[in-house]
file work-v6.cif (mmCIF, C-alpha atoms; chains and numbers go by the auth columns)
data_entry
#
loop_
_atom_site.group_PDB
_atom_site.id
_atom_site.type_symbol
_atom_site.label_atom_id
_atom_site.label_comp_id
_atom_site.label_asym_id
_atom_site.label_seq_id
_atom_site.Cartn_x
_atom_site.Cartn_y
_atom_site.Cartn_z
_atom_site.B_iso_or_equiv
_atom_site.auth_seq_id
_atom_site.auth_asym_id
ATOM 1 C CA MET A 1 69.159 85.930 73.882 0.00 176 A
ATOM 2 C CA ALA A 2 66.672 85.298 76.670 0.00 177 A
ATOM 3 C CA VAL A 3 62.912 84.795 76.394 0.00 178 A
ATOM 4 C CA TYR A 4 60.696 85.642 79.369 0.00 179 A
ATOM 5 C CA ASP A 5 57.159 84.251 79.427 0.00 180 A
ATOM 6 C CA ASP A 6 54.725 82.685 81.915 0.00 181 A
ATOM 7 C CA LYS A 7 56.955 79.590 82.220 0.00 182 A
ATOM 8 C CA THR A 8 60.188 81.400 83.139 0.00 183 A
ATOM 9 C CA SER A 9 61.631 80.107 86.402 0.00 184 A
ATOM 10 C CA GLY A 10 61.987 82.482 89.349 0.00 185 A
ATOM 11 C CA ILE A 11 59.124 84.805 88.407 0.00 186 A
ATOM 12 C CA ILE A 12 56.240 85.937 90.605 0.00 187 A
ATOM 13 C CA LYS A 13 52.696 86.379 89.338 0.00 188 A
ATOM 14 C CA ALA A 14 51.597 90.000 89.855 0.00 189 A
ATOM 15 C CA GLY A 15 48.269 89.984 91.706 0.00 190 A
ATOM 16 C CA ASP A 16 45.064 89.075 89.876 0.00 191 A
ATOM 17 C CA ARG A 17 46.345 89.744 86.386 0.00 192 A
ATOM 18 C CA ASP A 18 46.658 86.607 84.305 0.00 193 A
ATOM 19 C CA ASN A 19 49.618 87.643 82.190 0.00 194 A
ATOM 20 C CA CYS A 20 51.706 89.988 84.379 0.00 195 A
ATOM 21 C CA PHE A 21 54.826 88.794 86.146 0.00 196 A
ATOM 22 C CA ILE A 22 57.601 90.198 88.316 0.00 197 A
ATOM 23 C CA ILE A 23 61.230 89.229 87.796 0.00 198 A
ATOM 24 C CA SER A 24 64.124 90.325 89.993 0.00 199 A
ATOM 25 C CA ASN A 25 66.625 90.809 87.162 0.00 200 A
ATOM 26 C CA VAL A 26 67.218 90.155 83.474 0.00 201 A
ATOM 27 C CA LYS A 27 70.148 87.833 82.875 0.00 202 A
ATOM 28 C CA SER A 28 70.529 88.287 79.117 0.00 203 A
ATOM 29 C CA ARG A 29 73.374 90.471 77.915 0.00 204 A
ATOM 30 C CA THR A 30 72.532 90.415 74.198 0.00 205 A
ATOM 31 C CA GLU A 31 68.762 90.451 73.645 0.00 206 A
ATOM 32 C CA ALA A 32 65.620 90.135 75.787 0.00 207 A
ATOM 33 C CA ILE A 33 62.138 89.148 74.619 0.00 208 A
ATOM 34 C CA PHE A 34 59.171 89.469 76.992 0.00 209 A
ATOM 35 C CA LYS A 35 56.162 87.370 75.891 0.00 210 A
ATOM 36 C CA ALA A 36 53.959 88.568 78.770 0.00 211 A
ATOM 37 C CA SER A 37 53.594 91.798 80.733 0.00 212 A
ATOM 38 C CA TYR A 38 56.604 92.125 83.028 0.00 213 A
ATOM 39 C CA ILE A 39 57.793 94.217 85.934 0.00 214 A
ATOM 40 C CA VAL A 40 61.590 94.095 86.132 0.00 215 A
ATOM 41 C CA ALA A 41 62.701 94.952 89.678 0.00 216 A
ATOM 42 C CA SER A 42 66.212 96.076 88.698 0.00 217 A
ATOM 43 C CA SER A 43 68.132 97.866 85.969 0.00 218 A
ATOM 44 C CA VAL A 44 68.393 96.249 82.525 0.00 219 A
ATOM 45 C CA SER A 45 71.441 96.443 80.267 0.00 220 A
ATOM 46 C CA VAL A 46 71.582 94.527 76.986 0.00 221 A
ATOM 47 C CA SER A 47 73.793 95.045 73.951 0.00 222 A
ATOM 48 C CA GLY A 48 70.955 94.201 71.557 0.00 223 A
ATOM 49 C CA LYS A 49 67.206 94.737 71.374 0.00 224 A
ATOM 50 C CA ILE A 50 64.545 94.588 74.073 0.00 225 A
ATOM 51 C CA THR A 51 61.196 93.384 72.709 0.00 226 A
ATOM 52 C CA ALA A 52 58.006 93.296 74.796 0.00 227 A
ATOM 53 C CA LEU A 53 54.781 91.876 73.372 0.00 228 A
ATOM 54 C CA PHE A 54 52.736 93.482 76.173 0.00 229 A
ATOM 55 C CA ASP A 55 53.434 96.066 78.933 0.00 230 A
ATOM 56 C CA LEU A 56 56.980 96.477 80.268 0.00 231 A
ATOM 57 C CA ILE A 57 57.814 98.220 83.554 0.00 232 A
ATOM 58 C CA ILE A 58 61.440 98.636 84.603 0.00 233 A
ATOM 59 C CA LEU A 59 62.106 99.849 88.143 0.00 234 A
ATOM 60 C CA GLY A 60 65.721 100.856 87.416 0.00 235 A
ATOM 61 C CA ASN A 61 67.717 102.175 84.479 0.00 236 A
ATOM 62 C CA VAL A 62 67.654 100.629 81.010 0.00 237 A
ATOM 63 C CA GLU A 63 70.347 100.484 78.330 0.00 238 A
ATOM 64 C CA ALA A 64 69.869 98.805 74.944 0.00 239 A
ATOM 65 C CA ASP A 65 70.452 99.213 71.219 0.00 240 A
ATOM 66 C CA ASP A 66 66.705 99.247 70.465 0.00 241 A
ATOM 67 C CA ILE A 67 63.441 98.899 72.405 0.00 242 A
ATOM 68 C CA GLU A 68 60.100 97.827 70.947 0.00 243 A
ATOM 69 C CA VAL A 69 57.060 97.555 73.229 0.00 244 A
ATOM 70 C CA LYS A 70 53.587 96.530 72.014 0.00 245 A
ATOM 71 C CA GLY A 71 51.906 97.861 75.202 0.00 246 A
ATOM 72 C CA LYS A 72 52.864 100.510 77.762 0.00 247 A
ATOM 73 C CA PHE A 73 56.526 101.220 78.543 0.00 248 A
ATOM 74 C CA ILE A 74 57.416 102.579 81.980 0.00 249 A
ATOM 75 C CA CYS A 75 60.983 103.167 83.158 0.00 250 A
ATOM 76 C CA LEU A 76 61.479 104.682 86.609 0.00 251 A
ATOM 77 C CA GLY A 77 65.177 105.307 85.951 0.00 252 A
ATOM 78 C CA ASP A 78 67.193 106.680 83.058 0.00 253 A
ATOM 79 C CA CYS A 79 66.629 105.188 79.599 0.00 254 A
ATOM 80 C CA SER A 80 69.593 105.228 77.220 0.00 255 A
ATOM 81 C CA VAL A 81 69.031 103.669 73.793 0.00 256 A
ATOM 82 C CA GLU A 82 71.559 103.657 70.958 0.00 257 A
ATOM 83 C CA ASN A 83 68.986 103.676 68.126 0.00 258 A
ATOM 84 C CA SER A 84 65.171 103.540 68.309 0.00 259 A
ATOM 85 C CA ILE A 85 62.353 103.236 70.831 0.00 260 A
ATOM 86 C CA ILE A 86 58.960 102.223 69.424 0.00 261 A
ATOM 87 C CA VAL A 87 55.990 102.039 71.818 0.00 262 A
ATOM 88 C CA GLN A 88 52.448 101.160 70.723 0.00 263 A
ATOM 89 C CA ASP A 89 50.793 102.617 73.870 0.00 264 A
ATOM 90 C CA LYS A 90 51.866 105.197 76.466 0.00 265 A
ATOM 91 C CA MET A 91 55.486 105.792 77.484 0.00 266 A
ATOM 92 C CA PHE A 92 56.525 107.063 80.930 0.00 267 A
ATOM 93 C CA VAL A 93 60.236 107.593 81.643 0.00 268 A
ATOM 94 C CA LYS A 94 62.371 109.641 83.982 0.00 269 A
ATOM 95 C CA GLN A 95 65.041 110.650 81.480 0.00 270 A
ATOM 96 C CA VAL A 96 65.395 109.301 77.944 0.00 271 A
ATOM 97 C CA LYS A 97 68.129 109.561 75.324 0.00 272 A
ATOM 98 C CA ALA A 98 67.753 107.920 71.905 0.00 273 A
ATOM 99 C CA LYS A 99 68.162 108.661 68.210 0.00 274 A
ATOM 100 C CA ASN A 100 64.495 108.051 67.365 0.00 275 A
ATOM 101 C CA ILE A 101 61.392 107.701 69.519 0.00 276 A
ATOM 102 C CA GLU A 102 57.992 106.775 68.095 0.00 277 A
ATOM 103 C CA VAL A 103 55.048 106.541 70.497 0.00 278 A
ATOM 104 C CA HIS A 104 51.508 105.771 69.327 0.00 279 A
ATOM 105 C CA ASP A 105 49.991 107.492 72.349 0.00 280 A
ATOM 106 C CA GLN A 106 51.326 109.951 74.922 0.00 281 A
ATOM 107 C CA ILE A 107 54.889 110.296 76.206 0.00 282 A
ATOM 108 C CA THR A 108 55.647 111.696 79.641 0.00 283 A
ATOM 109 C CA ALA A 109 59.237 112.288 80.757 0.00 284 A
ATOM 110 C CA GLN A 110 61.347 114.509 82.945 0.00 285 A
ATOM 111 C CA GLU A 111 63.948 115.071 80.187 0.00 286 A
ATOM 112 C CA ILE A 112 64.110 113.997 76.537 0.00 287 A
ATOM 113 C CA ASP A 113 67.233 114.079 74.325 0.00 288 A
ATOM 114 C CA VAL A 114 66.601 112.793 70.768 0.00 289 A
ATOM 115 C CA ASP A 115 67.271 113.305 67.106 0.00 290 A
ATOM 116 C CA VAL A 116 63.616 112.626 66.156 0.00 291 A
ATOM 117 C CA ILE A 117 60.556 112.142 68.388 0.00 292 A
ATOM 118 C CA LYS A 118 57.046 111.497 67.067 0.00 293 A
ATOM 119 C CA ALA A 119 53.958 110.963 69.214 0.00 294 A
ATOM 120 C CA ASP A 120 50.324 110.455 68.285 0.00 295 A
ATOM 121 C CA GLY A 121 49.388 111.926 71.681 0.00 296 A
ATOM 122 C CA ASN A 122 50.855 114.682 73.829 0.00 297 A
ATOM 123 C CA ILE A 123 54.557 115.040 74.598 0.00 298 A
ATOM 124 C CA ILE A 124 54.799 116.164 78.220 0.00 299 A
ATOM 125 C CA VAL A 125 58.274 117.045 79.517 0.00 300 A
ATOM 126 C CA GLY A 126 58.893 118.150 83.105 0.00 301 A
ATOM 127 C CA GLN A 127 62.102 119.968 82.221 0.00 302 A
ATOM 128 C CA THR A 128 63.750 120.092 78.770 0.00 303 A
ATOM 129 C CA LEU A 129 63.169 118.624 75.324 0.00 304 A
ATOM 130 C CA ALA A 130 66.308 118.515 73.150 0.00 305 A
ATOM 131 C CA THR A 131 65.927 117.601 69.488 0.00 306 A
ATOM 132 C CA GLU A 132 68.469 117.604 66.676 0.00 307 A
ATOM 133 C CA GLU A 133 65.990 117.072 63.816 0.00 308 A
ATOM 134 C CA LEU A 134 62.277 116.969 64.719 0.00 309 A
ATOM 135 C CA ALA A 135 59.899 116.891 67.672 0.00 310 A
ATOM 136 C CA PHE A 136 56.387 116.171 66.374 0.00 311 A
ATOM 137 C CA SER A 137 53.118 115.598 68.214 0.00 312 A
ATOM 138 C CA GLU A 138 49.679 115.054 66.708 0.00 313 A
ATOM 139 C CA GLN A 139 48.379 116.942 69.773 0.00 314 A
ATOM 140 C CA ASN A 140 50.429 119.169 72.124 0.00 315 A
ATOM 141 C CA ILE A 141 53.975 119.603 73.391 0.00 316 A
ATOM 142 C CA LEU A 142 54.306 120.860 76.964 0.00 317 A
ATOM 143 C CA CYS A 143 57.723 121.647 78.471 0.00 318 A
ATOM 144 C CA GLY A 144 58.246 122.615 82.116 0.00 319 A
ATOM 145 C CA GLU A 145 61.324 124.559 81.022 0.00 320 A
ATOM 146 C CA THR A 146 62.051 124.771 77.279 0.00 321 A
ATOM 147 C CA ALA A 147 62.728 122.959 74.014 0.00 322 A
ATOM 148 C CA TYR A 148 66.129 123.428 72.400 0.00 323 A
ATOM 149 C CA GLY A 149 68.346 122.075 69.639 0.00 324 A
ATOM 150 C CA ALA A 150 69.042 122.311 65.927 0.00 325 A
ATOM 151 C CA GLY A 151 65.800 120.715 64.760 0.00 326 A
ATOM 152 C CA GLN A 152 62.191 121.707 64.247 0.00 327 A
ATOM 153 C CA ILE A 153 59.225 121.390 66.580 0.00 328 A
ATOM 154 C CA SER A 154 55.619 120.810 65.494 0.00 329 A
ATOM 155 C CA ALA A 155 52.331 120.344 67.376 0.00 330 A
ATOM 156 C CA HIS A 156 48.893 121.932 67.594 0.00 331 A
ATOM 157 C CA SER A 157 50.080 123.773 70.721 0.00 332 A
ATOM 158 C CA ILE A 158 53.622 124.202 71.982 0.00 333 A
ATOM 159 C CA ILE A 159 53.638 125.356 75.589 0.00 334 A
ATOM 160 C CA THR A 160 56.898 126.186 77.355 0.00 335 A
ATOM 161 C CA VAL A 161 57.770 128.105 80.510 0.00 336 A
ATOM 162 C CA GLU A 162 60.841 129.680 78.914 0.00 337 A
ATOM 163 C CA GLU A 163 61.231 130.837 75.311 0.00 338 A
ATOM 164 C CA LEU A 164 62.088 128.240 72.665 0.00 339 A
ATOM 165 C CA ASP A 165 65.859 127.855 72.431 0.00 340 A
ATOM 166 C CA MET A 166 65.950 126.332 68.946 0.00 341 A
ATOM 167 C CA ASP A 167 68.778 127.267 66.560 0.00 342 A
ATOM 168 C CA ASP A 168 66.224 128.832 64.172 0.00 343 A
ATOM 169 C CA GLY A 169 64.321 130.536 66.999 0.00 344 A
ATOM 170 C CA GLU A 170 60.540 130.579 66.643 0.00 345 A
ATOM 171 C CA LYS A 171 60.938 129.734 62.923 0.00 346 A
ATOM 172 C CA ALA A 172 61.781 126.200 64.098 0.00 347 A
ATOM 173 C CA ALA A 173 58.130 125.829 65.144 0.00 348 A
ATOM 174 C CA VAL A 174 56.521 124.532 61.952 0.00 349 A
ATOM 175 C CA GLU A 175 52.840 124.118 61.033 0.00 350 A
ATOM 176 C CA PRO A 176 50.441 123.500 62.642 0.00 351 A
ATOM 177 C CA ASN A 177 51.434 125.286 65.799 0.00 352 A
ATOM 178 C CA LYS A 178 50.518 127.835 68.385 0.00 353 A
ATOM 179 C CA ILE A 179 53.351 128.796 70.721 0.00 354 A
ATOM 180 C CA THR A 180 52.500 129.795 74.288 0.00 355 A
ATOM 181 C CA TYR A 181 54.966 130.846 76.963 0.00 356 A
ATOM 182 C CA SER A 182 54.029 130.715 80.615 0.00 357 A
ATOM 183 C CA PHE A 183 56.359 133.091 82.410 0.00 358 A
ATOM 184 C CA ASN A 184 56.202 133.414 86.177 0.00 359 A
#

call {"tool": "encode", "arguments": {"input": "work-v6.cif", "output": "structure tokens"}}
result
Amino acid sequence: MAVYDDKTSGIIKAGDRDNCFIISNVKSRTEAIFKASYIVASSVSVSGKITALFDLIILGNVEADDIEVKGKFICLGDCSVENSIIVQDKMFVKQVKAKNIEVHDQITAQEIDVDVIKADGNIIVGQTLATEELAFSEQNILCGETAYGAGQISAHSIITVEELDMDDGEKAAVEPNKITYSFN
């Protein structure tokens, strides 16, 4: 287990912000705890949990068993998590695969592959949203292509470019919902 805070050796203070630091790589292979906002300038791979008490930005790929972030979570690469991702603020990722994702604000991704995803804000997906059990947003779900899988999908508005490709068809869209397709 490794703990990264304002006293960690080899870090760089990020501009004017008091509690944001840049680190070139994470050396822990089992568990990583970030006690300040961090920008990790490489990929991160741990066999355990990644915990961030503030914002966490990863400039590469991330692999872990679980991720819990108390602030914003940004991953510019692919995010592969064995179990759960819990984010208290916004989540921005390129591609994410996990069993469960819970975001207390908005999630923006290019592709999402989950069993269950729940967001208090919008779920915005550039391409596809795959869900095996449930995709739920307190607001809207917007897919640049489509949503597919065996599960259900629920939001105030579900907007896709292509028709829903859920196993139960449009019956997979459960209350409250309004489905809109935007065909070219």

call {"tool": "residues_around", "arguments": {"input": "work-v6.cif", "residues": "Tyr213 (chain A)", "least_positions_apart": "3", "cutoff": "9 Å", "atoms": "all atoms listed in the file", "output": "JSON, numbers by chain"}}
result
{"A": [179, 180, 189, 194, 195, 196, 197, 198, 209, 210, 227, 229, 230, 231, 232, 233]}

call {"tool": "write_last_selection", "arguments": {"input": "work-v6.cif", "atoms": "C-alpha atoms", "output": "PDB file, in the coordinates of the input"}}
result
ATOM      1  CA  TYR A 179      60.696  85.642  79.369  1.00  0.00           C
ATOM      2  CA  ASP A 180      57.159  84.251  79.427  1.00  0.00           C
ATOM      3  CA  ALA A 189      51.597  90.000  89.855  1.00  0.00           C
ATOM      4  CA  ASN A 194      49.618  87.643  82.190  1.00  0.00           C
ATOM      5  CA  CYS A 195      51.706  89.988  84.379  1.00  0.00           C
ATOM      6  CA  PHE A 196      54.826  88.794  86.146  1.00  0.00           C
ATOM      7  CA  ILE A 197      57.601  90.198  88.316  1.00  0.00           C
ATOM      8  CA  ILE A 198      61.230  89.229  87.796  1.00  0.00           C
ATOM      9  CA  PHE A 209      59.171  89.469  76.992  1.00  0.00           C
ATOM     10  CA  LYS A 210      56.162  87.370  75.891  1.00  0.00           C
ATOM     11  CA  ALA A 227      58.006  93.296  74.796  1.00  0.00           C
ATOM     12  CA  PHE A 229      52.736  93.482  76.173  1.00  0.00           C
ATOM     13  CA  ASP A 230      53.434  96.066  78.933  1.00  0.00           C
ATOM     14  CA  LEU A 231      56.980  96.477  80.268  1.00  0.00           C
ATOM     15  CA  ILE A 232      57.814  98.220  83.554  1.00  0.00           C
ATOM     16  CA  ILE A 233      61.440  98.636  84.603  1.00  0.00           C
TER      17      ILE A 233
END

call {"tool": "residues_around", "arguments": {"input": "work-v6.cif", "residues": "Lys272 (chain A)", "least_positions_apart": "2", "cutoff": "8 Å", "atoms": "only C-alpha atoms", "output": "list in words"}}
result
Cys254, Ser255, Val256, Gln270, Lys274, Ile287, Asp288 and Val289 of chain A

call {"tool": "resolve_selection", "arguments": {"input": "work-v6.cif", "expression": "the PyMOL selection byres ((chain A and resi 312) around 12)", "output": "number ranges by chain"}}
result
A: 276-282, 291-299, 309-311, 313-317, 327-333, 348-352

call {"tool": "closest_residue", "arguments": {"input": "work-v6.cif", "among": "A:Lys346, A:Thr306, A:Gly301, A:Leu251", "to": "Ala273 (chain A)", "atoms": "all atoms listed in the file"}}
result
A:Thr306

call {"tool": "resolve_selection", "arguments": {"input": "work-v6.cif", "expression": "the PyMOL selection byres ((chain A and resi 339) around 7)", "output": "PyMOL selection string"}}
result
chain A and resi 321-323+337-338+340-341+344-345

call {"tool": "resolve_selection", "arguments": {"input": "work-v6.cif", "expression": "the PyMOL selection byres ((chain A and resi 221) around 7)", "output": "ChimeraX atom specification"}}
result
/A:203-206,219-220,222-223,238-239

call {"tool": "atom_distance", "arguments": {"input": "work-v6.cif", "atom1": "CA of Thr183 (chain A)", "atom2": "CA of Val215 (chain A)"}}
result
13.1 Å

call {"tool": "atom_distance", "arguments": {"input": "work-v6.cif", "atom1": "CA of Glu307 (chain A)", "atom2": "CA of Met266 (chain A)"}}
result
20.6 Å

call {"tool": "atom_distance", "arguments": {"input": "work-v6.cif", "atom1": "CA of Ala216 (chain A)", "atom2": "CA of Leu228 (chain A)"}}
result
18.4 Å

call {"tool": "axis_aligned_box", "arguments": {"input": "work-v6.cif", "around": "region 318-326 of chain A", "padding_each_side": "8 Å", "output": "JSON"}}
result
{"center_x": 63.4, "center_y": 122.7, "center_z": 73.4, "size_x": 27.3, "size_y": 20.1, "size_z": 33.4}

call {"tool": "decode", "arguments": {"input": "work-v6.cif", "residues": "region 285-296 of chain A", "atoms": "all heavy atoms", "output": "compact mmCIF listing (two decimals), in the first residue's frame"}}
result
# COMPACT_ATOMS: atom_id res chain seq x y z
N GLN A 285 -16.52 7.82 -23.67
CA GLN A 285 -16.65 7.41 -25.06
C GLN A 285 -17.41 6.09 -25.16
O GLN A 285 -18.27 5.93 -25.99
CB GLN A 285 -15.25 7.29 -25.69
CG GLN A 285 -15.23 7.27 -27.18
CD GLN A 285 -15.77 8.55 -27.82
OE1 GLN A 285 -15.85 9.59 -27.20
NE2 GLN A 285 -16.17 8.45 -29.05
N GLU A 286 -17.06 5.13 -24.27
CA GLU A 286 -17.75 3.84 -24.21
C GLU A 286 -17.88 3.41 -22.76
O GLU A 286 -16.96 3.61 -21.97
CB GLU A 286 -16.98 2.76 -24.98
CG GLU A 286 -16.97 2.93 -26.47
CD GLU A 286 -16.27 1.79 -27.17
OE1 GLU A 286 -16.34 0.64 -26.68
OE2 GLU A 286 -15.64 2.04 -28.20
N ILE A 287 -19.02 2.79 -22.43
CA ILE A 287 -19.26 2.28 -21.08
C ILE A 287 -19.74 0.84 -21.19
O ILE A 287 -20.65 0.55 -21.96
CB ILE A 287 -20.31 3.13 -20.32
CG1 ILE A 287 -19.84 4.57 -20.18
CG2 ILE A 287 -20.61 2.50 -18.97
CD1 ILE A 287 -20.86 5.49 -19.55
N ASP A 288 -19.11 -0.06 -20.40
CA ASP A 288 -19.49 -1.47 -20.35
C ASP A 288 -19.61 -1.85 -18.88
O ASP A 288 -18.60 -1.96 -18.18
CB ASP A 288 -18.45 -2.32 -21.06
CG ASP A 288 -18.82 -3.79 -21.15
OD1 ASP A 288 -19.87 -4.18 -20.59
OD2 ASP A 288 -18.06 -4.56 -21.76
N VAL A 289 -20.87 -2.03 -18.38
CA VAL A 289 -21.10 -2.25 -16.96
C VAL A 289 -22.22 -3.26 -16.74
O VAL A 289 -22.98 -3.55 -17.65
CB VAL A 289 -21.49 -0.94 -16.24
CG1 VAL A 289 -20.40 0.07 -16.24
CG2 VAL A 289 -22.76 -0.36 -16.82
N ASP A 290 -22.30 -3.74 -15.50
CA ASP A 290 -23.49 -4.46 -15.08
C ASP A 290 -24.54 -3.44 -14.63
O ASP A 290 -25.67 -3.47 -15.08
CB ASP A 290 -23.17 -5.42 -13.94
CG ASP A 290 -22.35 -6.63 -14.39
OD1 ASP A 290 -22.19 -6.83 -15.61
OD2 ASP A 290 -21.88 -7.37 -13.51
N VAL A 291 -24.14 -2.52 -13.72
CA VAL A 291 -25.04 -1.50 -13.19
C VAL A 291 -24.32 -0.15 -13.21
O VAL A 291 -23.17 -0.05 -12.77
CB VAL A 291 -25.47 -1.82 -11.74
CG1 VAL A 291 -26.32 -0.70 -11.17
CG2 VAL A 291 -26.20 -3.14 -11.68
N ILE A 292 -25.00 0.89 -13.73
CA ILE A 292 -24.49 2.25 -13.66
C ILE A 292 -25.60 3.15 -13.15
O ILE A 292 -26.74 3.06 -13.61
CB ILE A 292 -23.94 2.75 -15.02
CG1 ILE A 292 -23.35 4.15 -14.88
CG2 ILE A 292 -24.99 2.70 -16.11
CD1 ILE A 292 -22.56 4.61 -16.08
N LYS A 293 -25.28 3.98 -12.15
CA LYS A 293 -26.24 4.92 -11.59
C LYS A 293 -25.56 6.28 -11.50
O LYS A 293 -24.43 6.39 -11.01
CB LYS A 293 -26.68 4.49 -10.19
CG LYS A 293 -27.46 3.20 -10.18
CD LYS A 293 -27.86 2.79 -8.77
CE LYS A 293 -28.60 1.47 -8.80
NZ LYS A 293 -28.95 1.01 -7.46
N ALA A 294 -26.26 7.31 -11.99
CA ALA A 294 -25.72 8.67 -11.95
C ALA A 294 -26.81 9.63 -11.49
O ALA A 294 -27.96 9.51 -11.92
CB ALA A 294 -25.20 9.07 -13.32
N ASP A 295 -26.43 10.56 -10.63
CA ASP A 295 -27.36 11.60 -10.21
C ASP A 295 -27.54 12.62 -11.33
O ASP A 295 -28.58 13.27 -11.42
CB ASP A 295 -26.88 12.29 -8.94
CG ASP A 295 -26.93 11.36 -7.73
OD1 ASP A 295 -27.56 10.29 -7.82
OD2 ASP A 295 -26.33 11.72 -6.69
N GLY A 296 -26.52 12.78 -12.17
CA GLY A 296 -26.59 13.70 -13.30
C GLY A 296 -26.76 12.92 -14.59
O GLY A 296 -27.18 11.77 -14.60
